[in-house]
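Trainee: My file is data.cif. It has mmCIF, C-alpha atoms and all ligand atoms:
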data_entry
#
loop_
_atom_site.label_atom_id
_atom_site.label_comp_id
_atom_site.auth_asym_id
_atom_site.auth_seq_id
_atom_site.Cartn_x
_atom_site.Cartn_y
_atom_site.Cartn_z
CA ALA A 1445 -82.43 58.48 -15.21
CA ILE A 1446 -78.79 57.99 -16.17
CA SER A 1447 -75.73 59.97 -15.22
CA PRO A 1448 -75.97 62.87 -17.61
CA LEU A 1449 -74.03 62.89 -20.87
CA PHE A 1450 -72.81 66.21 -22.26
CA PHE A 1451 -72.42 66.81 -25.98
CA LYS A 1452 -71.49 69.87 -27.97
CA GLY A 1453 -70.58 70.37 -31.58
CA THR A 1454 -71.27 72.04 -34.88
CA VAL A 1455 -74.38 70.75 -36.61
CA ILE A 1456 -73.29 68.80 -39.69
CA GLN A 1457 -75.02 67.27 -42.68
CA GLY A 1458 -76.39 63.82 -41.89
CA PHE A 1459 -76.88 60.87 -44.17
CA GLY A 1460 -80.04 62.46 -45.52
CA ARG A 1461 -82.34 59.57 -44.87
CA GLY A 1462 -85.23 61.97 -44.95
CA SER A 1463 -85.88 62.45 -41.26
CA LYS A 1464 -87.17 65.89 -42.12
CA GLN A 1465 -89.62 64.45 -44.63
CA LEU A 1466 -90.95 62.24 -41.84
CA GLY A 1467 -91.47 65.39 -39.79
CA ILE A 1468 -88.68 64.45 -37.41
CA PRO A 1469 -85.50 66.27 -38.45
CA THR A 1470 -82.39 65.30 -36.47
CA ALA A 1471 -79.42 67.62 -36.05
CA ASN A 1472 -76.28 65.51 -36.48
CA LEU A 1473 -73.16 66.20 -34.44
CA PRO A 1474 -69.56 65.20 -35.23
CA VAL A 1475 -68.68 62.05 -33.29
CA GLU A 1476 -64.86 62.20 -33.18
CA GLU A 1477 -64.69 63.82 -29.75
CA TYR A 1478 -67.15 61.30 -28.32
CA GLU A 1479 -65.96 57.98 -29.69
CA SER A 1480 -64.96 56.61 -26.29
CA ILE A 1481 -68.25 57.67 -24.67
CA LEU A 1482 -70.16 56.16 -27.57
CA ASN A 1483 -68.35 52.88 -27.03
CA ASP A 1484 -69.46 52.84 -23.40
CA ILE A 1485 -73.16 53.53 -23.76
CA PRO A 1486 -75.91 51.50 -25.42
CA ILE A 1487 -77.09 52.25 -28.93
CA GLY A 1488 -80.56 53.66 -28.64
CA VAL A 1489 -82.78 56.63 -27.94
CA TYR A 1490 -82.14 59.09 -25.10
CA TYR A 1491 -83.90 62.24 -23.91
CA GLY A 1492 -82.71 65.51 -22.48
CA TRP A 1493 -82.18 69.18 -23.24
CA ALA A 1494 -80.50 71.06 -26.06
CA ASN A 1495 -79.95 74.53 -27.44
CA VAL A 1496 -78.54 75.98 -30.64
CA HIS A 1497 -76.24 78.99 -30.59
CA GLY A 1498 -77.86 81.93 -32.33
CA VAL A 1499 -81.29 80.37 -32.67
CA ASN A 1500 -84.21 81.81 -30.68
CA ASP A 1501 -81.89 83.47 -28.16
CA ASN A 1502 -80.15 80.18 -27.38
CA LYS A 1503 -83.38 78.87 -25.87
CA ILE A 1504 -83.11 75.44 -24.24
CA TYR A 1505 -85.54 72.87 -25.64
CA LYS A 1506 -86.52 69.35 -24.75
CA MET A 1507 -84.96 66.84 -27.10
CA ALA A 1508 -84.89 63.17 -28.07
CA MET A 1509 -81.52 61.86 -29.22
CA SER A 1510 -80.47 58.79 -31.10
CA ILE A 1511 -77.10 57.12 -30.79
CA GLY A 1512 -77.04 54.87 -33.82
CA TRP A 1513 -75.01 53.44 -36.66
CA ASN A 1514 -74.05 55.43 -39.73
CA PRO A 1515 -74.82 53.53 -42.95
CA PHE A 1516 -72.54 55.90 -44.88
CA TYR A 1517 -69.57 54.41 -43.04
CA LYS A 1518 -70.94 50.90 -43.50
CA ASN A 1519 -72.10 50.90 -39.87
CA THR A 1520 -68.55 51.11 -38.55
CA LYS A 1521 -69.09 54.60 -37.13
CA LYS A 1522 -71.83 55.77 -34.82
CA THR A 1523 -74.01 58.82 -35.22
CA ILE A 1524 -75.30 61.36 -32.71
CA GLU A 1525 -78.64 62.77 -33.87
CA ILE A 1526 -80.74 65.20 -31.89
CA HIS A 1527 -84.36 66.08 -32.49
CA LEU A 1528 -85.28 69.28 -30.71
CA ILE A 1529 -88.91 69.22 -29.70
CA ASN A 1530 -89.94 72.43 -31.37
CA LYS A 1531 -90.91 73.64 -34.82
CA PHE A 1532 -88.18 75.86 -36.31
CA GLU A 1533 -88.57 78.20 -39.25
CA GLN A 1534 -85.02 77.60 -40.46
CA ASP A 1535 -82.27 75.03 -40.60
CA PHE A 1536 -79.24 75.54 -38.39
CA TYR A 1537 -76.44 73.65 -40.11
CA GLY A 1538 -73.09 75.09 -39.01
CA HIS A 1539 -74.41 76.34 -35.67
CA GLN A 1540 -73.08 75.11 -32.36
CA LEU A 1541 -75.45 72.80 -30.52
CA ASN A 1542 -75.14 71.87 -26.85
CA ALA A 1543 -77.06 68.92 -25.42
CA ILE A 1544 -77.37 67.04 -22.15
CA ALA A 1545 -78.85 63.55 -22.25
CA VAL A 1546 -80.48 62.79 -18.89
CA GLY A 1547 -82.35 59.56 -19.55
CA PHE A 1548 -82.56 56.47 -21.72
CA ILE A 1549 -85.74 55.55 -23.57
CA ARG A 1550 -85.08 52.32 -25.47
CA PRO A 1551 -82.48 50.34 -27.37
CA MET A 1552 -82.25 50.72 -31.14
CA CYS A 1553 -84.43 48.24 -32.97
CA ASP A 1554 -85.53 47.28 -36.45
CA PHE A 1555 -89.04 48.12 -37.51
CA SER A 1556 -90.92 46.19 -40.12
CA SER A 1557 -92.55 49.26 -41.64
CA LEU A 1558 -92.04 52.98 -41.93
CA ASP A 1559 -95.32 53.52 -40.10
CA GLU A 1560 -94.06 51.53 -37.13
CA LEU A 1561 -90.83 53.53 -37.11
CA ILE A 1562 -92.70 56.83 -37.17
CA LYS A 1563 -95.01 55.65 -34.40
CA ALA A 1564 -92.06 54.59 -32.25
CA ILE A 1565 -90.35 57.95 -32.71
CA ASN A 1566 -93.51 59.85 -31.88
CA ASP A 1567 -93.90 57.70 -28.76
CA ASP A 1568 -90.26 58.48 -27.87
CA ILE A 1569 -90.94 62.19 -28.18
CA GLU A 1570 -94.04 61.98 -26.01
CA TYR A 1571 -92.22 59.93 -23.40
CA ALA A 1572 -89.31 62.40 -23.43
CA GLN A 1573 -91.68 65.31 -22.84
CA GLN A 1574 -93.37 63.55 -19.90
CA GLN A 1575 -90.09 62.58 -18.28
CA LEU A 1576 -88.55 66.02 -18.71
CA ASP A 1577 -91.59 67.71 -17.16
CA GLN A 1578 -90.92 65.67 -14.02
CA GLN A 1579 -87.16 66.06 -14.23
CA PRO A 1580 -86.32 69.69 -15.00
CA GLN A 1581 -82.98 69.77 -13.13
CA TYR A 1582 -80.62 70.08 -16.08
CA GLN A 1583 -82.63 72.53 -18.16
CA ASN A 1584 -80.76 75.52 -16.78
CA HIS A 1585 -77.38 73.88 -16.42
CA GLU A 1586 -74.29 76.08 -16.70
CA PHE A 1587 -73.18 73.97 -19.66
CA PHE A 1588 -75.72 75.79 -21.80
CA LYS A 1589 -74.21 79.16 -20.95
CA HIS A 1590 -70.46 78.76 -21.08
CA CYS A 1591 -69.62 76.23 -23.70
CA PHE A 1592 -70.00 78.19 -26.90
CA ASN A 1593 -66.95 78.45 -29.14
CA SER A 1594 -64.62 76.63 -26.80
P1 LIG B 1 -79.62 65.50 -42.10
O1 LIG B 1 -79.57 64.10 -42.68
O2 LIG B 1 -78.73 66.47 -42.84
O3 LIG B 1 -79.33 65.49 -40.62
P2 LIG B 1 -82.43 65.88 -41.43
O4 LIG B 1 -83.57 65.53 -42.31
O5 LIG B 1 -82.17 64.98 -40.25
O6 LIG B 1 -81.12 66.00 -42.33
O7 LIG B 1 -82.65 67.38 -40.94
C1 LIG B 1 -81.77 67.90 -39.99
C2 LIG B 1 -81.64 69.41 -40.02
O8 LIG B 1 -82.91 70.04 -39.89
C3 LIG B 1 -80.84 69.89 -38.84
O9 LIG B 1 -79.44 69.87 -39.11
C4 LIG B 1 -81.36 71.30 -38.62
O10 LIG B 1 -80.59 72.22 -39.37
C5 LIG B 1 -82.79 71.26 -39.16
N1 LIG B 1 -83.85 71.22 -38.14
C6 LIG B 1 -85.01 71.92 -38.23
N2 LIG B 1 -85.82 71.69 -37.20
C7 LIG B 1 -85.16 70.80 -36.38
C8 LIG B 1 -85.51 70.19 -35.12
N3 LIG B 1 -86.67 70.42 -34.51
N4 LIG B 1 -84.59 69.34 -34.58
C9 LIG B 1 -83.42 69.09 -35.20
N5 LIG B 1 -83.04 69.65 -36.39
C10 LIG B 1 -83.91 70.50 -36.99
MG MG B 2 -80.29 64.18 -39.26
#
Have the structure of the file written as structure tokens, please.
Mentor:
Amino acid sequence: AISPLFFKGTVIQGFGRGSKQLGIPTANLPVEEYESILNDIPIGVYYGWANVHGVNDNKIYKMAMSIGWNPFYKNTKKTIEIHLINKFEQDFYGHQLNAIAVGFIRPMCDFSSLDELIKAINDDIEYAQQQLDQQPQYQNHEFFKHCFNS
């Protein structure tokens, strides 16, 4: 476990690298507010909890989150991308998303094939689910109730 990291923001369009086509869509958050935090924590994959305002009664889901580099900005800016572990019927661009990262899974790494990448992400998701089952403390954190539209 790590000391928890709190993120909130409006879901924006990502770089469109086709995460959704891989079956692993990631909701991208604006990074401006978090630049100093992002400079202090390792690039990589984290796990935790997240909800989306106005989607399924603001239900709080398990999530896996990547802090990475944004190729659109020639890898000078980082990205915050959150995969909620649930199948949604609709997109939620423009909605407010709140997330708490409670653990670190692995550093970012290069994969030699798409298959390896997909396998790694699926392993991340499975690991996140296992860890969160044993570590439910933050699922009902106040942050998920009071931080909308502020
Ligand atoms: P983009 O490059 O615009 O981020 P993605 O392929 O990563 O595109 O898809 C992300 C979008 O998919 C999110 O912004 C959200 O609206 C939608 N979405 C649907 N299901 C999920 C999910 N389980 N986790 C995250 N985003 C999801
Ligand atoms: Mg994305």
Trainee: Can you tell me which residues come within 8 Å of ligand MG 2 (chain B) when counting only C-alpha atoms and all ligand atoms, ideally as a list of chain:residue names?
Mentor: A:Gln1457, A:Gly1458, A:Phe1459, A:Gly1460, A:Arg1461, A:Gly1462, A:Ser1463, A:Lys1464, A:Pro1469, A:Thr1470, A:Ala1471, A:Asn1472, A:Glu1525, A:Ile1526
Trainee: Closest to ligand LIG 1 (chain B) among A:Ile1544, A:Ile1524, A:Ile1481, A:Leu1561, using all atoms listed in the file?
Mentor: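 Result for the nearest residue to ligand LIG 1 (chain B): A:Ile1524.
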Trainee: Can you tell me which residues surround Asn1500 of chain A at a distance of at most 12 Å, considering all atoms listed in the file, apart from same-chain residues fewer than 5 positions away, and format the answer as a list of chain:residue names?
Mentor: A:Asn1495, A:Tyr1505, A:Asn1530, A:Lys1531, A:Phe1532, A:Glu1533, A:Gln1534, A:Phe1536
Trainee: State, in Å with one decimal place, the distance from atom CA of Gly1488 of chain A to atom CA of Ile1504 of chain A.
Mentor: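 Atom-to-atom, atom CA of Gly1488 of chain A and atom CA of Ile1504 of chain A are spaced 22.4 Å apart.
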Trainee: What is the distance, in Å and to one decimal place, between atom CA of Glu1476 of chain A and atom CA of Ile1569 of chain A?
Mentor: 26.6 Å
Trainee: Which residue gives the smallest distance to ligand LIG 1 (chain B) among A:Asp1535, A:Asp1554, A:Asp1559, A:Asp1577, with all atoms listed in the file counted?
Mentor: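 Ranked by minimum distance to ligand LIG 1 (chain B), first place goes to A:Asp1535.
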Trainee: Using all atoms listed in the file, determine which residues lie at most 10 Å from Leu1449 of chain A, disregarding the query and same-chain residues fewer than 4 positions distant; provide the list as a list in words.
Mentor: Ile1481, Ile1485, Tyr1490, Gly1492, Ala1543, Ile1544, Ala1545, Val1546 and Gly1547 of chain A
Trainee: Which one of A:Lys1503, A:His1539, A:His1497, A:Lys1522 sits closest to ligand LIG 1 (chain B) if you count all atoms listed in the file?
Mentor: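 Of A:Lys1503, A:His1539, A:His1497, A:Lys1522, the one nearest ligand LIG 1 (chain B), counting all atoms listed in the file, is A:His1539.
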Trainee: Export segment 1465-1480 of chain A, C-alpha atoms, as a JSON list (two decimals), in the first residue's frame; it's the structure right above.
Mentor:
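The resulting file, part26.json, is reproduced below:
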[["chain", "number", "residue", "atom", "x", "y", "z"],
["A", 1465, "GLN", "CA", -10.60, -1.43, -28.95],
["A", 1466, "LEU", "CA", -8.33, -3.51, -26.72],
["A", 1467, "GLY", "CA", -11.26, -3.87, -24.33],
["A", 1468, "ILE", "CA", -9.58, -1.67, -21.75],
["A", 1469, "PRO", "CA", -10.94, 1.87, -22.06],
["A", 1470, "THR", "CA", -9.24, 4.45, -19.83],
["A", 1471, "ALA", "CA", -10.95, 7.62, -18.68],
["A", 1472, "ASN", "CA", -8.41, 10.44, -18.97],
["A", 1473, "LEU", "CA", -8.31, 13.27, -16.44],
["A", 1474, "PRO", "CA", -6.82, 16.75, -16.86],
["A", 1475, "VAL", "CA", -3.35, 16.84, -15.30],
["A", 1476, "GLU", "CA", -2.85, 20.57, -14.64],
["A", 1477, "GLU", "CA", -3.99, 20.43, -11.02],
["A", 1478, "TYR", "CA", -1.76, 17.43, -10.32],
["A", 1479, "GLU", "CA", 1.52, 18.31, -11.98],
["A", 1480, "SER", "CA", 3.44, 18.54, -8.71]]
